$ cat structure00.txt   # compact mmCIF, C-alpha atoms
# COMPACT_ATOMS: atom_id res chain seq x y z
CA MET A 1 92.89 52.71 173.41
CA ASN A 2 95.61 54.24 175.53
CA PRO A 3 96.62 57.93 175.10
CA THR A 4 99.99 57.07 173.48
CA SER A 5 98.35 54.91 170.82
CA LYS A 6 95.69 57.54 170.20
CA THR A 7 98.37 60.26 169.75
CA ALA A 8 100.41 58.03 167.41
CA LEU A 9 97.29 57.30 165.35
CA GLN A 10 96.45 61.01 165.11
CA LEU A 11 100.00 61.88 164.06
CA GLY A 12 99.89 59.12 161.45
CA GLY A 13 96.64 60.62 160.13
CA VAL A 14 98.26 64.05 159.92
CA VAL A 15 101.19 62.59 157.94
CA VAL A 16 98.81 60.84 155.51
CA LEU A 17 96.76 64.04 155.11
CA MET A 18 99.87 66.16 154.45
CA ALA A 19 101.20 63.65 151.89
CA SER A 20 97.82 63.61 150.13
CA LEU A 21 97.71 67.39 150.02
CA SER A 22 101.23 67.59 148.62
CA PHE A 23 100.26 65.32 145.70
CA ALA A 24 97.08 67.33 145.08
CA ALA A 25 98.94 70.67 145.20
CA VAL A 26 100.52 70.42 141.73
CA PRO A 27 97.33 69.78 139.72
CA PHE A 28 95.39 72.24 141.88
CA TYR A 29 98.03 74.97 141.36
CA ASP A 30 98.06 74.27 137.59
CA TRP A 31 94.27 74.58 137.48
CA PHE A 32 94.35 77.77 139.59
CA CYS A 33 96.96 79.38 137.31
CA ARG A 34 95.05 78.52 134.15
CA VAL A 35 91.76 79.88 135.50
CA THR A 36 93.14 83.09 137.00
CA GLY A 37 96.21 83.76 134.82
CA PHE A 38 98.27 83.81 138.02
CA GLY A 39 101.99 83.56 137.36
CA GLY A 40 101.55 84.64 133.73
CA THR A 41 99.77 81.45 132.67
CA THR A 42 98.20 81.82 129.23
CA ASN A 43 94.96 80.48 127.74
CA GLN A 44 94.19 78.37 124.65
CA ALA A 45 91.54 78.83 121.96
CA SER A 46 90.70 77.23 118.64
CA SER A 47 90.34 80.57 116.83
CA ALA A 48 90.72 84.31 117.32
CA PRO A 49 87.82 86.47 118.48
CA ALA A 50 85.65 88.28 115.96
CA GLN A 51 86.36 91.62 117.65
CA VAL A 52 89.62 93.43 116.88
CA LEU A 53 90.22 96.68 118.75
CA ASP A 54 92.15 99.71 117.53
CA ARG A 55 94.40 99.62 120.59
CA VAL A 56 97.90 98.32 119.81
CA MET A 57 100.03 96.32 122.23
CA LYS A 58 103.74 95.59 122.02
CA VAL A 59 104.64 91.91 122.48
CA ARG A 60 108.23 91.02 123.31
CA PHE A 61 109.62 87.52 122.88
CA ASP A 62 112.13 85.83 125.17
CA ALA A 63 113.76 82.39 125.11
CA GLY A 64 115.94 80.32 127.40
CA VAL A 65 116.97 76.76 128.14
CA ALA A 66 117.24 74.84 131.41
CA SER A 67 120.75 74.06 132.62
CA ASP A 68 120.55 70.43 131.41
CA MET A 69 119.24 71.35 127.93
CA PRO A 70 122.03 71.44 125.29
CA TRP A 71 119.92 73.21 122.63
CA LYS A 72 120.41 76.72 121.39
CA PHE A 73 116.99 78.43 121.46
CA ARG A 74 115.99 81.96 120.44
CA PRO A 75 113.08 84.04 119.14
CA LEU A 76 113.38 85.01 115.47
CA GLN A 77 111.81 88.40 116.22
CA ARG A 78 112.44 90.35 119.42
CA GLU A 79 109.11 92.18 119.42
CA MET A 80 106.02 93.00 117.39
CA GLU A 81 103.09 95.34 117.64
CA ILE A 82 99.63 93.83 117.38
CA ARG A 83 96.10 95.10 117.79
CA ILE A 84 94.10 93.57 120.61
CA GLY A 85 92.04 90.69 119.17
CA GLU A 86 94.22 90.38 116.04
CA THR A 87 95.92 87.06 115.30
CA GLY A 88 99.70 87.18 115.63
CA LEU A 89 102.32 84.72 114.38
CA ALA A 90 105.81 84.54 115.85
CA PHE A 91 108.65 82.08 115.31
CA TYR A 92 111.28 80.61 117.60
CA GLU A 93 114.35 78.70 116.44
CA ALA A 94 115.89 75.69 118.16
CA HIS A 95 119.17 73.99 117.27
CA ASN A 96 120.57 70.70 118.60
CA PRO A 97 124.38 71.01 118.44
CA THR A 98 124.94 67.52 119.92
CA ASP A 99 125.64 64.19 118.19
CA ARG A 100 122.49 62.56 119.60
CA PRO A 101 118.72 63.14 119.41
CA VAL A 102 117.44 65.36 122.22
CA ALA A 103 113.79 65.81 123.23
CA GLY A 104 112.45 68.87 124.99
CA THR A 105 109.30 70.47 126.31
CA ALA A 106 108.79 74.21 126.64
CA SER A 107 107.36 75.91 129.70
CA PHE A 108 106.05 79.44 129.27
CA ASN A 109 104.66 82.51 130.94
CA VAL A 110 103.62 86.05 130.20
CA ALA A 111 104.75 89.15 132.08
CA PRO A 112 103.27 91.20 133.56
CA PHE A 113 101.27 88.47 135.26
CA SER A 114 98.08 90.54 135.20
CA ALA A 115 97.97 90.12 131.40
CA GLY A 116 98.73 86.39 131.38
CA SER A 117 95.15 85.15 131.23
CA PHE A 118 94.41 87.49 128.30
CA PHE A 119 97.28 86.18 126.15
CA THR A 120 95.67 83.30 124.25
CA LYS A 121 97.43 80.73 122.07
CA ILE A 122 95.72 79.12 119.11
CA ASP A 123 98.64 76.88 118.17
CA CYS A 124 102.07 76.50 119.75
CA PHE A 125 105.13 74.28 119.71
CA CYS A 126 104.81 74.30 123.50
CA PHE A 127 101.67 72.12 123.31
CA SER A 128 103.75 69.01 122.63
CA GLN A 129 107.20 67.54 123.08
CA GLN A 130 109.78 68.45 120.43
CA THR A 131 112.61 66.14 119.32
CA LEU A 132 115.61 67.39 117.37
CA GLN A 133 118.05 65.10 115.63
CA PRO A 134 121.84 65.67 115.84
CA GLY A 135 122.71 69.01 114.22
CA GLU A 136 119.05 69.75 113.36
CA THR A 137 117.69 73.31 113.38
CA VAL A 138 113.94 73.99 113.30
CA GLN A 139 111.70 77.02 113.27
CA MET A 140 108.68 76.66 115.53
CA PRO A 141 105.59 78.89 115.29
CA VAL A 142 103.25 80.23 117.94
CA THR A 143 99.89 81.64 116.83
CA PHE A 144 98.23 83.88 119.40
CA PHE A 145 95.98 86.84 120.16
CA ILE A 146 95.36 89.18 123.05
CA ASP A 147 91.81 88.80 124.31
CA PRO A 148 89.75 92.02 123.94
CA GLU A 149 88.45 91.43 127.49
CA LEU A 150 91.82 92.77 128.67
CA VAL A 151 90.50 96.34 128.34
CA ASN A 152 87.77 95.57 130.91
CA ASP A 153 90.09 94.13 133.58
CA ARG A 154 90.86 96.56 136.40
CA GLU A 155 94.61 95.73 136.42
CA ALA A 156 95.37 94.44 132.92
CA LYS A 157 93.72 97.37 131.11
CA PHE A 158 96.77 99.51 131.95
CA VAL A 159 99.23 97.08 130.32
CA ARG A 160 100.71 98.47 127.09
CA GLU A 161 103.38 95.84 126.46
CA LEU A 162 103.97 92.27 127.54
CA THR A 163 106.65 89.61 127.26
CA LEU A 164 106.09 86.01 126.18
CA SER A 165 108.85 83.82 127.63
CA TYR A 166 109.70 80.19 126.90
CA THR A 167 112.19 77.89 128.59
CA PHE A 168 113.02 74.50 127.03
CA HIS A 169 113.62 71.57 129.39
CA THR A 170 115.13 68.19 128.47
CA THR A 171 112.64 65.31 128.48
CA ASP A 172 112.97 61.59 127.81
CA LEU A 173 113.04 60.58 124.16
CA PRO A 174 109.82 59.07 122.81
CA ALA A 175 109.92 55.26 123.05
CA GLU A 176 110.27 54.70 119.29
CA GLN A 177 113.30 57.01 119.09
CA ALA A 178 114.88 55.73 122.30
CA ALA A 179 114.78 52.22 120.79
CA LEU A 180 116.79 53.51 117.80
CA ALA A 181 119.47 55.11 119.97
CA PRO A 182 122.86 53.38 119.88
CA PRO A 183 123.47 51.01 122.81
CA VAL A 184 125.57 52.21 125.71
CA THR A 185 128.98 50.52 125.56
CA GLY A 186 131.01 49.48 128.53
CA THR A 187 132.12 46.45 130.47
CA VAL A 188 129.75 44.24 132.37
CA ALA A 189 130.89 42.97 135.74
CA ASN A 190 130.32 39.31 136.45

$ encode --input "structure00.txt" --output "structure tokens"
Amino acid sequence: MNPTSKTALQLGGVVVLMASLSFAAVPFYDWFCRVTGFGGTTNQASSAPAQVLDRVMKVRFDAGVASDMPWKFRPLQREMEIRIGETGLAFYEAHNPTDRPVAGTASFNVAPFSAGSFFTKIDCFCFSQQTLQPGETVQMPVTFFIDPELVNDREAKFVRELTLSYTFHTTDLPAEQAALAPPVTGTVAN
């Protein structure tokens, strides 16, 4: 094999390796954030812990929508105080002001990031896609607790208040609803 062919083959291998790593980066980063709480990523649990501490934390609630999302979206309470380990229940409200069904999925995080892995959701509207019909308004709950292990973490133990933020993004309508949508009208070129 001549040196030019060998160099071209090596460069091709580098391109394939870089493309493979770019596809693996998203699931790896998601896993990393869930394990470490990096970026304010929260955890999930099926129930609250048995231990409830006397220490109270303030939880603030924030809501937003992506630029392509036509919904109006807001928390129904701005903040609440909750004991660490206690189950909390908060509600968000979404409204579809359009004349068509719109589906959305919520992304979320907790600030400060050091407390993200200790904020644990039991049930949340963010676990699945939401679809609102034209003019529909819904209240969506999130059930959560703050893990008592927070008080043992060298950074998170100093956190006294945190903010739970959601952003709704437009997603494709589920297949059964997309089939019910009115057909797009227009002229067909021959």

$ residues_around --input "structure00.txt" --residues "range 127-129 of chain A" --least-positions-apart "4" --cutoff "10 Å" --atoms "all atoms listed in the file" --output "ChimeraX atom specification"
/A:44,103-107,121,123,142,168-174

$ closest_residue --input "structure00.txt" --among "A:Thr167, A:Ser5, A:Ser114, A:Asn96" --to "Glu136 in chain A" --atoms "all atoms listed in the file"
A:Asn96

$ atom_distance --input "structure00.txt" --atom1 "CA of Trp71 in chain A" --atom2 "CA of Cys124 in chain A"
18.4 Å

$ closest_residue --input "structure00.txt" --among "A:Thr87, A:Asn152, A:Thr98, A:Thr163" --to "Val59 in chain A" --atoms "all atoms listed in the file"
A:Thr163

$ axis_aligned_box --input "structure00.txt" --around "range 69-81 of chain A" --padding-each-side "6 Å" --output "AutoDock Vina command-line options"
--center_x 112.6 --center_y 83.3 --center_z 121.7 --size_x 30.9 --size_y 36.0 --size_z 24.5

$ atom_distance --input "structure00.txt" --atom1 "CA of Asp99 in chain A" --atom2 "CA of Pro75 in chain A"
23.5 Å

$ atom_distance --input "structure00.txt" --atom1 "CA of Ala94 in chain A" --atom2 "CA of Arg74 in chain A"
6.7 Å
